[in-house]
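Engineer: My structure is stored as structure_12.tsv, with TSV, C-alpha atoms.
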```tsv
chain	number	residue	atom	x	y	z
A	191	MET	CA	88.67	92.03	52.58
A	192	ARG	CA	86.45	93.62	55.23
A	193	THR	CA	88.19	96.50	56.97
A	194	ILE	CA	88.24	97.00	60.74
A	195	ASP	CA	87.95	100.62	61.94
A	196	PHE	CA	90.34	101.20	64.82
A	197	TYR	CA	89.66	104.38	66.82
A	198	PHE	CA	92.30	105.37	69.34
A	199	ASP	CA	93.64	108.30	71.33
A	200	PHE	CA	97.43	108.57	71.62
A	201	ALA	CA	96.95	109.38	75.33
A	202	SER	CA	95.16	106.07	75.97
A	203	PRO	CA	97.18	103.17	77.48
A	204	TYR	CA	94.77	100.57	76.13
A	205	GLY	CA	94.94	102.25	72.73
A	206	PHE	CA	98.70	101.74	72.89
A	207	ILE	CA	98.29	98.08	73.84
A	208	ALA	CA	95.86	97.60	70.93
A	209	ALA	CA	98.17	99.37	68.47
A	210	MET	CA	101.03	97.05	69.39
A	211	GLN	CA	98.92	93.99	68.55
A	212	ILE	CA	96.40	94.89	65.87
A	213	GLU	CA	98.60	94.07	62.91
A	214	ALA	CA	98.48	90.42	63.96
A	215	LEU	CA	94.86	90.39	62.75
A	216	ALA	CA	94.30	88.82	59.36
A	217	ARG	CA	92.16	91.78	58.25
A	218	PRO	CA	92.97	95.26	56.95
A	219	VAL	CA	92.72	97.98	59.57
A	220	ARG	CA	91.80	101.63	59.17
A	221	TRP	CA	93.66	103.57	61.87
A	222	ARG	CA	91.64	106.54	63.17
A	223	PRO	CA	93.29	108.68	65.85
A	224	PHE	CA	90.79	110.93	67.62
A	225	LEU	CA	90.64	113.09	70.73
A	226	LEU	CA	88.92	111.34	73.61
A	227	GLY	CA	88.48	114.76	75.23
A	228	SER	CA	86.19	115.85	72.39
A	229	VAL	CA	84.09	112.74	72.81
A	230	TYR	CA	83.89	113.10	76.59
A	231	LYS	CA	82.81	116.70	76.15
A	232	ALA	CA	80.11	115.63	73.69
A	233	VAL	CA	78.76	112.77	75.79
A	234	GLY	CA	79.30	114.43	79.15
A	235	GLN	CA	81.49	111.91	80.92
A	236	SER	CA	85.06	111.41	82.01
A	237	PRO	CA	85.75	107.74	82.82
A	238	LEU	CA	89.04	108.23	84.59
A	239	GLU	CA	87.99	111.17	86.70
A	240	HIS	CA	87.79	109.11	89.86
A	241	PRO	CA	91.20	108.63	91.54
A	242	LEU	CA	90.48	105.00	92.52
A	243	LYS	CA	89.77	103.91	88.98
A	244	ARG	CA	92.53	105.96	87.47
A	245	GLU	CA	95.09	104.58	89.92
A	246	TYR	CA	93.94	101.03	89.13
A	247	VAL	CA	94.12	101.56	85.37
A	248	ILE	CA	97.47	103.36	85.34
A	249	GLU	CA	99.28	101.59	88.17
A	250	VAL	CA	97.83	98.08	88.01
A	251	ASP	CA	95.84	97.00	85.00
A	252	ALA	CA	97.44	98.67	81.97
A	253	PRO	CA	101.01	97.78	83.07
A	254	ARG	CA	99.87	94.18	83.65
A	255	MET	CA	98.28	94.00	80.19
A	256	ALA	CA	101.44	95.45	78.66
A	257	ARG	CA	103.67	92.95	80.48
A	258	GLN	CA	101.60	90.14	79.00
A	259	ILE	CA	102.87	91.20	75.57
A	260	GLY	CA	106.38	91.80	76.82
A	261	LEU	CA	106.24	95.58	77.18
A	262	GLN	CA	107.18	97.79	80.12
A	263	LEU	CA	104.75	100.69	80.32
A	264	LYS	CA	105.92	104.20	81.17
A	265	VAL	CA	103.15	106.73	81.73
A	266	PRO	CA	103.46	109.88	79.55
A	267	LYS	CA	104.74	112.97	81.32
A	268	GLY	CA	101.79	115.14	82.37
A	269	PHE	CA	99.26	112.32	81.80
A	270	PRO	CA	96.38	112.70	81.11
A	271	GLU	CA	96.86	115.40	78.50
A	272	HIS	CA	95.40	115.91	75.04
A	273	SER	CA	97.09	114.39	72.02
A	274	LEU	CA	96.47	117.07	69.44
A	275	PRO	CA	100.03	117.14	67.95
A	276	PRO	CA	100.36	113.44	67.03
A	277	SER	CA	96.75	113.25	65.86
A	278	ARG	CA	97.21	116.13	63.45
A	279	ALA	CA	100.60	114.82	62.36
A	280	PHE	CA	99.03	111.44	61.62
A	281	TYR	CA	96.43	112.98	59.28
A	282	TRP	CA	99.04	115.21	57.65
A	283	ILE	CA	101.24	112.18	56.90
A	284	GLU	CA	98.24	110.20	55.72
A	285	ARG	CA	97.63	112.90	53.09
A	286	GLN	CA	101.21	112.65	51.86
A	287	GLU	CA	101.92	108.95	52.13
A	288	PRO	CA	98.94	106.93	53.41
A	289	ALA	CA	101.06	103.82	53.98
A	290	ARG	CA	103.40	105.61	56.37
A	291	ALA	CA	100.77	107.02	58.71
A	292	VAL	CA	100.48	103.70	60.54
A	293	GLU	CA	104.26	103.59	60.90
A	294	PHE	CA	104.06	107.05	62.46
A	295	ALA	CA	101.24	106.03	64.81
A	296	LYS	CA	103.18	103.05	66.15
A	297	ALA	CA	106.39	105.06	66.58
A	298	ALA	CA	104.50	107.85	68.37
A	299	TYR	CA	102.73	105.40	70.65
A	300	ARG	CA	106.10	103.87	71.64
A	301	LYS	CA	107.42	107.34	72.38
A	302	TYR	CA	104.49	108.10	74.68
A	303	TRP	CA	103.94	104.77	76.43
A	304	LEU	CA	107.39	103.20	76.49
A	305	HIS	CA	109.47	106.35	76.87
A	306	GLY	CA	106.95	108.46	78.79
A	307	CYS	CA	107.02	111.55	76.57
A	308	SER	CA	104.21	114.11	76.77
A	309	THR	CA	101.34	113.57	74.31
A	310	SER	CA	100.58	117.30	74.18
A	311	ASP	CA	104.15	118.36	73.37
A	312	ALA	CA	104.37	119.34	69.68
A	313	THR	CA	108.15	118.81	69.73
A	314	VAL	CA	107.75	115.12	70.53
A	315	ALA	CA	105.37	114.55	67.60
A	316	LEU	CA	107.86	116.35	65.32
A	317	ASP	CA	110.69	114.17	66.69
A	318	VAL	CA	108.73	111.07	65.73
A	319	ALA	CA	108.02	112.40	62.23
A	320	ALA	CA	111.69	113.33	61.86
A	321	SER	CA	112.70	109.80	62.91
A	322	LEU	CA	110.70	108.57	59.91
A	323	GLY	CA	112.62	110.90	57.61
A	324	TYR	CA	110.21	113.83	57.42
A	325	ASP	CA	111.52	117.38	57.53
A	326	ARG	CA	110.61	119.02	60.83
A	327	GLU	CA	109.88	122.41	59.26
A	328	VAL	CA	107.62	120.90	56.64
A	329	VAL	CA	105.66	118.86	59.19
A	330	SER	CA	105.49	121.79	61.59
A	331	LYS	CA	103.87	123.93	58.89
A	332	GLY	CA	101.81	121.05	57.55
A	333	VAL	CA	99.98	120.35	60.80
A	334	GLN	CA	98.88	124.00	60.90
A	335	GLU	CA	97.13	123.78	57.52
A	336	SER	CA	93.40	124.26	57.91
A	337	GLU	CA	92.76	121.11	55.88
A	338	VAL	CA	94.65	119.03	58.45
A	339	LYS	CA	93.06	120.77	61.42
A	340	ASN	CA	89.62	120.33	59.91
A	341	ARG	CA	90.31	116.73	59.12
A	342	LEU	CA	90.83	115.93	62.80
A	343	VAL	CA	87.68	117.86	63.72
A	344	VAL	CA	85.74	115.82	61.15
A	345	GLU	CA	87.20	112.56	62.47
A	346	ASN	CA	86.23	113.48	66.03
A	347	GLU	CA	82.69	114.30	64.89
A	348	GLU	CA	82.52	111.03	62.96
A	349	ALA	CA	83.65	109.11	66.07
A	350	ILE	CA	80.96	110.81	68.17
A	351	ARG	CA	78.33	110.17	65.48
A	352	ARG	CA	79.22	106.47	65.42
A	353	GLY	CA	78.93	106.17	69.20
A	354	VAL	CA	82.59	105.91	70.15
A	355	PHE	CA	82.89	106.59	73.90
A	356	GLY	CA	86.31	105.19	74.74
A	357	SER	CA	89.73	104.21	73.41
A	358	PRO	CA	90.38	101.89	71.71
A	359	PHE	CA	87.10	101.34	69.94
A	360	PHE	CA	86.59	99.02	66.98
A	361	PHE	CA	83.96	98.55	64.30
A	362	ALA	CA	84.03	95.19	62.55
A	363	ASP	CA	81.25	93.92	60.29
A	364	GLY	CA	78.89	96.48	61.79
A	365	GLU	CA	79.61	95.27	65.33
A	366	ARG	CA	81.11	97.46	68.12
A	367	PHE	CA	83.98	96.51	70.39
A	368	TRP	CA	85.38	98.67	73.19
A	369	GLY	CA	88.77	97.99	74.73
A	370	SER	CA	92.00	96.23	73.86
A	371	ASP	CA	90.66	93.28	75.85
A	372	ARG	CA	87.96	92.73	73.22
A	373	MET	CA	90.39	92.31	70.31
A	374	SER	CA	90.32	88.54	70.66
A	375	MET	CA	86.56	88.73	69.98
A	376	LEU	CA	86.88	90.61	66.68
A	377	PRO	CA	85.42	88.49	63.89
A	378	PRO	CA	88.19	86.84	61.81
B	34	MET	CA	95.33	77.11	99.51
B	35	ARG	CA	95.30	80.86	98.91
B	36	THR	CA	91.75	82.19	98.75
B	37	ILE	CA	90.46	84.57	96.07
B	38	ASP	CA	88.05	87.27	97.27
B	39	PHE	CA	85.24	87.67	94.76
B	40	TYR	CA	83.19	90.86	95.17
B	41	PHE	CA	80.01	91.10	93.11
B	42	ASP	CA	76.67	92.86	92.89
B	43	PHE	CA	73.69	90.72	91.88
B	44	ALA	CA	72.60	93.56	89.57
B	45	SER	CA	75.88	93.40	87.61
B	46	PRO	CA	75.92	91.49	84.29
B	47	TYR	CA	79.68	90.96	84.45
B	48	GLY	CA	79.29	89.77	88.04
B	49	PHE	CA	76.86	87.17	86.69
B	50	ILE	CA	79.30	86.12	83.97
B	51	ALA	CA	82.07	85.79	86.57
B	52	ALA	CA	79.85	83.79	88.94
B	53	MET	CA	79.07	81.28	86.18
B	54	GLN	CA	82.77	80.62	85.63
B	55	ILE	CA	84.65	81.17	88.85
B	56	GLU	CA	84.32	77.63	90.17
B	57	ALA	CA	86.51	76.48	87.29
B	58	LEU	CA	89.44	78.09	89.11
B	59	ALA	CA	91.66	75.71	91.00
B	60	ARG	CA	91.59	77.96	94.08
B	61	PRO	CA	89.09	78.45	96.90
B	62	VAL	CA	86.86	81.52	96.46
B	63	ARG	CA	85.28	83.73	99.08
B	64	TRP	CA	82.03	85.06	97.61
B	65	ARG	CA	81.24	88.59	98.78
B	66	PRO	CA	78.02	90.16	97.50
B	67	PHE	CA	77.94	93.91	98.01
B	68	LEU	CA	75.90	96.88	96.82
B	69	LEU	CA	77.56	98.75	94.00
B	70	GLY	CA	75.28	101.70	94.78
B	71	SER	CA	76.93	102.11	98.20
B	72	VAL	CA	80.36	102.12	96.60
B	73	TYR	CA	79.34	104.59	93.88
B	74	LYS	CA	77.92	106.86	96.54
B	75	ALA	CA	81.16	106.65	98.53
B	76	VAL	CA	83.47	107.26	95.58
B	77	GLY	CA	81.18	109.68	93.76
B	78	GLN	CA	80.78	108.01	90.39
B	79	SER	CA	78.26	106.08	88.37
B	80	PRO	CA	79.94	104.25	85.49
B	81	LEU	CA	76.80	103.36	83.58
B	82	GLU	CA	75.15	106.75	83.86
B	83	HIS	CA	75.84	107.64	80.28
B	84	PRO	CA	73.26	106.16	77.87
B	85	LEU	CA	75.89	105.34	75.21
B	86	LYS	CA	77.99	103.22	77.52
B	87	ARG	CA	75.02	101.61	79.21
B	88	GLU	CA	73.47	100.66	75.87
B	89	TYR	CA	76.78	99.16	74.74
B	90	VAL	CA	77.24	97.15	77.94
B	91	ILE	CA	73.67	95.89	78.17
B	92	GLU	CA	72.80	95.44	74.50
B	93	VAL	CA	76.15	94.50	72.98
B	94	ASP	CA	79.02	93.52	75.21
B	95	ALA	CA	77.53	91.61	78.15
B	96	PRO	CA	75.26	89.48	75.90
B	97	ARG	CA	78.27	88.72	73.66
B	98	MET	CA	80.39	87.69	76.66
B	99	ALA	CA	77.52	85.50	77.92
B	100	ARG	CA	77.09	83.84	74.50
B	101	GLN	CA	80.77	82.91	74.58
B	102	ILE	CA	80.02	80.65	77.55
B	103	GLY	CA	76.77	79.41	76.05
B	104	LEU	CA	74.34	81.62	77.97
B	105	GLN	CA	71.52	83.82	76.68
B	106	LEU	CA	71.35	86.97	78.78
B	107	LYS	CA	68.03	88.48	79.82
B	108	VAL	CA	68.27	91.88	81.52
B	109	PRO	CA	66.54	92.03	84.94
B	110	LYS	CA	63.18	93.78	85.00
B	111	GLY	CA	63.68	97.39	86.13
B	112	PHE	CA	67.47	97.27	85.60
B	113	PRO	CA	69.45	98.93	87.07
B	114	GLU	CA	68.00	98.49	90.54
B	115	HIS	CA	69.58	97.71	93.90
B	116	SER	CA	70.08	94.11	94.98
B	117	LEU	CA	69.42	94.40	98.69
B	118	PRO	CA	67.16	91.30	99.02
B	119	PRO	CA	69.52	88.67	97.56
B	120	SER	CA	72.56	90.24	99.25
B	121	ARG	CA	70.95	90.02	102.68
B	122	ALA	CA	69.60	86.55	101.94
B	123	PHE	CA	73.10	85.43	100.98
B	124	TYR	CA	74.56	86.55	104.31
B	125	TRP	CA	71.63	85.06	106.22
B	126	ILE	CA	72.17	81.67	104.55
B	127	GLU	CA	75.90	81.93	105.08
B	128	ARG	CA	75.25	82.21	108.85
B	129	GLN	CA	73.11	79.06	108.79
B	130	GLU	CA	74.93	76.88	106.27
B	131	PRO	CA	78.09	78.50	104.87
B	132	ALA	CA	78.43	75.89	102.13
B	133	ARG	CA	74.99	76.64	100.69
B	134	ALA	CA	75.41	80.39	100.31
B	135	VAL	CA	77.31	79.95	97.04
B	136	GLU	CA	74.58	77.67	95.77
B	137	PHE	CA	72.08	80.44	96.58
B	138	ALA	CA	74.22	83.07	94.84
B	139	LYS	CA	74.41	81.08	91.62
B	140	ALA	CA	70.69	80.28	91.64
B	141	ALA	CA	69.82	83.93	92.31
B	142	TYR	CA	72.12	85.14	89.53
B	143	ARG	CA	70.44	82.76	87.07
B	144	LYS	CA	67.05	84.08	88.14
B	145	TYR	CA	68.14	87.68	87.49
B	146	TRP	CA	70.26	87.35	84.36
B	147	LEU	CA	68.75	84.35	82.56
B	148	HIS	CA	65.11	84.83	83.56
B	149	GLY	CA	65.11	88.63	83.86
B	150	CYS	CA	63.62	88.88	87.36
B	151	SER	CA	63.95	92.10	89.36
B	152	THR	CA	66.97	92.28	91.67
B	153	SER	CA	65.13	94.59	94.09
B	154	ASP	CA	62.07	92.35	94.45
B	155	ALA	CA	62.17	90.59	97.84
B	156	THR	CA	59.77	87.91	96.58
B	157	VAL	CA	62.26	86.77	93.94
B	158	ALA	CA	65.05	86.34	96.51
B	159	LEU	CA	62.65	84.33	98.69
B	160	ASP	CA	61.67	82.19	95.69
B	161	VAL	CA	65.32	81.34	95.16
B	162	ALA	CA	65.85	80.47	98.83
B	163	ALA	CA	62.67	78.35	98.74
B	164	SER	CA	63.95	76.51	95.67
B	165	LEU	CA	66.93	75.46	97.80
B	166	GLY	CA	64.60	74.09	100.47
B	167	TYR	CA	64.49	77.04	102.88
B	168	ASP	CA	61.22	78.04	104.50
B	169	ARG	CA	60.01	81.36	103.05
B	170	GLU	CA	58.74	82.64	106.40
B	171	VAL	CA	61.98	81.84	108.15
B	172	VAL	CA	64.10	83.53	105.47
B	173	SER	CA	61.75	86.51	105.29
B	174	LYS	CA	62.19	87.09	109.03
B	175	GLY	CA	65.88	86.20	108.95
B	176	VAL	CA	66.86	88.87	106.46
B	177	GLN	CA	65.27	91.49	108.71
B	178	GLU	CA	67.51	90.59	111.67
B	179	SER	CA	69.80	93.46	112.57
B	180	GLU	CA	72.79	91.11	112.52
B	181	VAL	CA	72.14	90.30	108.86
B	182	LYS	CA	71.45	93.91	107.90
B	183	ASN	CA	74.59	95.04	109.68
B	184	ARG	CA	76.61	92.30	108.08
B	185	LEU	CA	75.84	93.68	104.61
B	186	VAL	CA	76.67	97.21	105.77
B	187	VAL	CA	80.01	95.96	107.09
B	188	GLU	CA	80.74	94.10	103.84
B	189	ASN	CA	79.98	97.25	101.82
B	190	GLU	CA	82.29	99.28	104.05
B	191	GLU	CA	84.99	96.64	103.74
B	192	ALA	CA	84.65	96.70	99.93
B	193	ILE	CA	85.01	100.50	99.91
B	194	ARG	CA	87.97	100.34	102.29
B	195	ARG	CA	89.73	97.86	100.03
B	196	GLY	CA	89.22	100.05	96.97
B	197	VAL	CA	86.50	98.09	95.16
B	198	PHE	CA	84.93	100.39	92.56
B	199	GLY	CA	83.15	97.97	90.23
B	200	SER	CA	81.64	94.50	89.89
B	201	PRO	CA	83.07	91.93	89.72
B	202	PHE	CA	86.24	92.77	91.61
B	203	PHE	CA	88.83	90.23	92.73
B	204	PHE	CA	91.69	90.15	95.21
B	205	ALA	CA	94.24	87.40	94.65
B	206	ASP	CA	97.63	87.24	96.37
B	207	GLY	CA	97.29	90.96	97.21
B	208	GLU	CA	96.69	91.89	93.59
B	209	ARG	CA	93.54	93.62	92.30
B	210	PHE	CA	91.51	92.57	89.26
B	211	TRP	CA	88.44	94.37	87.97
B	212	GLY	CA	86.02	92.73	85.55
B	213	SER	CA	85.04	89.25	84.43
B	214	ASP	CA	87.42	89.75	81.51
B	215	ARG	CA	90.37	89.69	83.93
B	216	MET	CA	89.60	86.26	85.38
B	217	SER	CA	91.99	84.60	82.96
B	218	MET	CA	94.76	86.72	84.51
B	219	LEU	CA	94.13	85.59	88.10
B	220	PRO	CA	97.24	83.85	89.43
B	221	PRO	CA	96.79	80.06	89.45
```
Here is a file; write its structure as structure tokens.
Structural biologist:
Amino acid sequence: MRTIDFYFDFASPYGFIAAMQIEALARPVRWRPFLLGSVYKAVGQSPLEHPLKREYVIEVDAPRMARQIGLQLKVPKGFPEHSLPPSRAFYWIERQEPARAVEFAKAAYRKYWLHGCSTSDATVALDVAASLGYDREVVSKGVQESEVKNRLVVENEEAIRRGVFGSPFFFADGERFWGSDRMSMLPP
Amino acid sequence: MRTIDFYFDFASPYGFIAAMQIEALARPVRWRPFLLGSVYKAVGQSPLEHPLKREYVIEVDAPRMARQIGLQLKVPKGFPEHSLPPSRAFYWIERQEPARAVEFAKAAYRKYWLHGCSTSDATVALDVAASLGYDREVVSKGVQESEVKNRLVVENEEAIRRGVFGSPFFFADGERFWGSDRMSMLPP
């Protein structure tokens, strides 16, 4: 089975919308959280910097897309902020129990985009891990390990190297797809 | 019948894709060419300025979207350039024969995005008008009339006032939609 690479930032509304739907695909998916801020810094842009576009995305378009799949969007407190805590927690969990990392990603996304919790708040990411049965102390120490920190740095660099410039971003059969609205075009 | 306002720039590939499909809607459409450059200047952004994103849009995504509706995209010579000549010609024709302006818009779009002609080349816009039976000399003088020039300025200002920040952009029942990929969400 050909794997689809799914790059996403936990602070991205369209990443959330993609995460809620991607398991409907009949192909295996490799979930890759990354920090959009690192990519923007590398490529020198910031797509949502203009108020007009940001207002449209956050107030009009993303909520409308979410409603289409029966979800009521709630913008994370402090948005837009970085999503370092859940990204590191994801890679820490992936090292322990690869199969549960996706479970964590979906639960975290719901916390941020349905309950409006802050993506940069380390406590929230720990809450999500705890809700999956992980020990808060263990996770809290785990995400500070240099192997986990470095892993996220490496994933960000890999995303930049592959030309990722937004979230979500997909690679399928060597082809690139940007945006949750391109998921229907992913090769079956 | 409630009218849909359809804002587009002749130099926009997604505007082209929208123009090729919008008549399938069961609602009347008000076609409004405008200059994206004027809007970008007003709102202080330039979405395709980054090479990564531009390459993706022009080489990957827009051609893929066009293929889905059976069209083979050819990027206009000199892209991205302004589209002053066809925009003025559109409003000149609309003053003479309102019903034929849409015909002109579709023919011009095909010239730019299927045949790769330059959007800034006044000769190309005249060729299109001539192909619809208009006298080249008459059109050439017509588009220089201050009423026509002012009309485009007013339309650009109106687009900015209404919050248009990309092409295509739609207003339907007071709701905003940005992008050809949102046409399926326009209220019936």
Engineer: Residues of chain B were defined as contacting chain A if any atom lay at most 8 Å from it, counting only C-alpha atoms; please report them as an mmCIF file with C-alpha atoms, in the coordinates of the input.
Structural biologist:
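Just written: part13.cif:
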```
data_model
loop_
_atom_site.group_PDB
_atom_site.id
_atom_site.type_symbol
_atom_site.label_atom_id
_atom_site.label_comp_id
_atom_site.auth_asym_id
_atom_site.auth_seq_id
_atom_site.Cartn_x
_atom_site.Cartn_y
_atom_site.Cartn_z
ATOM 1 C CA VAL B 76 83.470 107.260 95.580
ATOM 2 C CA GLY B 77 81.180 109.680 93.760
ATOM 3 C CA GLN B 78 80.780 108.010 90.390
ATOM 4 C CA PRO B 80 79.940 104.250 85.490
ATOM 5 C CA HIS B 83 75.840 107.640 80.280
ATOM 6 C CA LEU B 85 75.890 105.340 75.210
ATOM 7 C CA LYS B 86 77.990 103.220 77.520
ATOM 8 C CA VAL B 93 76.150 94.500 72.980
ATOM 9 C CA ASP B 94 79.020 93.520 75.210
ATOM 10 C CA GLY B 196 89.220 100.050 96.970
ATOM 11 C CA PHE B 198 84.930 100.390 92.560
ATOM 12 C CA ARG B 209 93.540 93.620 92.300
ATOM 13 C CA PHE B 210 91.510 92.570 89.260
ATOM 14 C CA ASP B 214 87.420 89.750 81.510
#
```
Engineer: How many Å lie between atom CA of Tyr302 of chain A and atom CA of Val229 of chain A, rounded to one decimal?
Structural biologist: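 Separating atom CA of Tyr302 of chain A from atom CA of Val229 of chain A is a distance of 21.0 Å.
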Engineer: By how many Å are atom CA of Phe43 of chain B and atom CA of Phe112 of chain B apart?
Structural biologist: 11.0 Å
Engineer: From the list B:Arg100, B:Arg87, B:Ala44, B:Arg184, which residue is nearest Pro119 of chain B when using all atoms listed in the file?
Structural biologist: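 Going through B:Arg100, B:Arg87, B:Ala44, B:Arg184 one by one, the smallest distance to Pro119 of chain B is for B:Ala44.
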Engineer: Enter the distance from atom CA of Asp38 of chain B to atom CA of Arg65 of chain B, in Å, rounded to one decimal.
Structural biologist: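 These atoms are spaced 7.1 Å apart.
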Engineer: List as a ChimeraX atom specification the protein and nucleic acid residues near Ser228 of chain A, meaning an atom at most 10 Å away when all atoms listed in the file are counted, but skip any in the same chain fewer than 6 places from it.
Structural biologist: /A:234,272,343,346-347,349-350,355
Engineer: Give me, as a PyMOL selection string, all polymer residues having an atom no more than 8 Å from Pro358 of chain A, counting only C-alpha atoms and skipping those fewer than 3 positions away in the same chain.
Structural biologist: chain A and resi 196-199+202+204-205+208+368-370
Engineer: Hey, could you pull the box centre and edge lengths for segment 300-312 of chain A, axis-aligned, 5 Å padding per side, all listed atoms, to one decimal in Å, as JSON?
Structural biologist:
```
{"center_x": 105.0, "center_y": 111.3, "center_z": 74.2, "size_x": 18.9, "size_y": 26.1, "size_z": 19.1}
```
Engineer: Which residues, written as a ChimeraX atom specification, have at least one atom at most 7 Å from Pro266 of chain A, with all atoms listed in the file counted and residues fewer than 5 positions away on the same chain left out?
Structural biologist: /A:302-303,306-309
Engineer: Any idea what's packed within 12 Å of segment 129-131 of chain B, counting only C-alpha atoms, ignoring anything in its chain fewer than 2 positions away? Could you give it as a PDB file with C-alpha atoms, in the frame of the given file?
Structural biologist:
```
ATOM      1  CA  ARG B  63      85.280  83.730  99.080  1.00  0.00           C
ATOM      2  CA  TRP B  64      82.030  85.060  97.610  1.00  0.00           C
ATOM      3  CA  ALA B 122      69.600  86.550 101.940  1.00  0.00           C
ATOM      4  CA  PHE B 123      73.100  85.430 100.980  1.00  0.00           C
ATOM      5  CA  TYR B 124      74.560  86.550 104.310  1.00  0.00           C
ATOM      6  CA  TRP B 125      71.630  85.060 106.220  1.00  0.00           C
ATOM      7  CA  ILE B 126      72.170  81.670 104.550  1.00  0.00           C
ATOM      8  CA  GLU B 127      75.900  81.930 105.080  1.00  0.00           C
ATOM      9  CA  ARG B 133      74.990  76.640 100.690  1.00  0.00           C
ATOM     10  CA  ALA B 134      75.410  80.390 100.310  1.00  0.00           C
ATOM     11  CA  VAL B 135      77.310  79.950  97.040  1.00  0.00           C
ATOM     12  CA  GLU B 136      74.580  77.670  95.770  1.00  0.00           C
ATOM     13  CA  PHE B 137      72.080  80.440  96.580  1.00  0.00           C
ATOM     14  CA  ALA B 138      74.220  83.070  94.840  1.00  0.00           C
ATOM     15  CA  LEU B 165      66.930  75.460  97.800  1.00  0.00           C
ATOM     16  CA  TYR B 167      64.490  77.040 102.880  1.00  0.00           C
ATOM     17  CA  VAL B 171      61.980  81.840 108.150  1.00  0.00           C
ATOM     18  CA  VAL B 172      64.100  83.530 105.470  1.00  0.00           C
ATOM     19  CA  GLY B 175      65.880  86.200 108.950  1.00  0.00           C
ATOM     20  CA  VAL B 176      66.860  88.870 106.460  1.00  0.00           C
ATOM     21  CA  VAL B 181      72.140  90.300 108.860  1.00  0.00           C
TER      22      VAL B 181
END
```
Engineer: List the neighbours of Ile194 of chain A out to 8 Å using all atoms listed in the file; skip same-chain residues closer than 4 positions along the sequence, and give me the result as an MDAnalysis selection string.
Structural biologist: chainID A and resid 217:220 360:363
Engineer: Which one is closest to Asp311 of chain A: A:Leu274, A:Asp325, A:Ala209, A:Phe224? Count only C-alpha atoms.
Structural biologist: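 With only C-alpha atoms as the atom set, the closest residue is A:Leu274.
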Engineer: Using only C-alpha atoms for the distances, tell me which of B:Arg121, B:Pro221, B:Pro96, B:Leu185 is nearest to Thr36 of chain B.
Structural biologist: B:Pro221
Engineer: Which one of A:Ala289, A:Ile248, A:Arg351, A:Phe359 sits closest to Ala232 of chain A if you count only C-alpha atoms?
Structural biologist: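 Of A:Ala289, A:Ile248, A:Arg351, A:Phe359, the one nearest Ala232 of chain A is A:Arg351, counting only C-alpha atoms.
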